[in-house]
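Here's the structure, in structure tokens; my notes come after.
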Amino acid sequence: MKNTGVVRRIDDLGRIVIPKEIRKTLRIKDGESLEIFLSSDNIVLKKYSPLEGLQNFYKTYTDSIYSEIGNNVIIVDRDKVVAVSGDLRRKYLDKGISSELEKLIESRIVVSSKEKKIISIVDGLSTNASYIIAPIITGGDAVGAVIIMSLDEEIDDFIIKTGMIASKFLGKYIE
């Protein structure tokens with residue numbers, strides 16, 4: 001565990017304030033949920049993701065889609081890539097998402113480009129691809145996205161619909 005040197009008092013309602021620098025570093029925004037658990041004699045706060053913990057399901061889901069359409073299939077939460085099937089697996093899996101992708105997820109709109117275009121999915125890496133980015137909405141919150149990318153050819157309307165269906169299914173599944 002990393003020592004920050006920051007000490008905070010607990011107020012009379014049992015609350016503590018997480019310093020702005022730590023929230024910024026961990027990309028914790030107002031209104032986001034934190035998971036609280038004990039580790040021996042420590043209280044641990046972890047950024048909560050409804051997509052986390054279902055990696056085996058997501059892997060099977062992305063593999064199923066990939067086997068039928070042959071394009072890279074990626075599932076991200078609000079912080080990192082949680083599942084990838086296709087050529088980009090080693091490059092993308094468990095990497096932090098880019099601020100560009102984070103803004104697209106927050107916008108809650110489906111974004112696609114049938115023609116190849118530069119897109120940044122993970123921090124520090126841009127890719128020239130045709131793609132669909134469909135946010136996963138659950139309980140009114142954008143919790144992640146399904147991304148289908150083709151590095152070689154243009155995607156068509158079928159691939160765009162597949163990405164939209166996949167994101168809606170995951171949103172309902174998580175609820």
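Every chain in the structure tokens takes a letter, A first, then B, and so on in the order presented; its residues are numbered from 1, and the ligands are numbered from 1 following the presented order.
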
Pick out the residues sitting within 8 Å of region 126-141 of chain A, and hand them over as a ChimeraX atom specification; count only C-alpha atoms, and ignore anything fewer than 4 positions along from it in its own chain. /A:105,108-122,145-155,159-160,163-164,167-168,170-172,174-175

Find the residues around region 80-87 of chain A up to 12 Å (only C-alpha atoms counted), leave out those fewer than 3 positions away in its own chain, and share them as a VMD selection string. chain A and resid 26 to 27 47 49 to 77 90 to 99 101 to 102 121 to 123 143 to 152

Find the spatial neighbours of Asp30 (chain A), counting only C-alpha atoms, within a cut-off of 12 Å - ignore same-chain residues fewer than 5 positions away - and output them as JSON, numbers by chain. {"A": [17, 18, 20, 23, 24]}

When DSSP is applied to the backbone of this structure, which of chain A are assigned strand (DSSP E or B)? Write them out as a PyMOL selection string. chain A and resi 34-39+42-47+72-77+80-85+96-97+111-122+125-138+141-150

Report as a PyMOL selection string all protein, DNA and RNA residues lying within 10 Å of Val6 (chain A), evaluated on only C-alpha atoms, omitting residues in the same chain fewer than 2 positions from it. chain A and resi 3-4+8+18-19+22

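Compared by their closest atoms to Ala142 (chain A), and using only C-alpha atoms, the residues A:Leu34, A:Ile165, A:Glu106, A:Asp12 rank with A:Glu106 nearest.
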
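CA of Leu104 (chain A) to CA of Ile36 (chain A) spans 28.3 Å [interatomic distance, one decimal].
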
Would you give me, as a PyMOL selection string, the residues in chain A that DSSP reads as helix (DSSP H, G or I)? chain A and resi 20-25+55-69+89-92+99-107+157-174
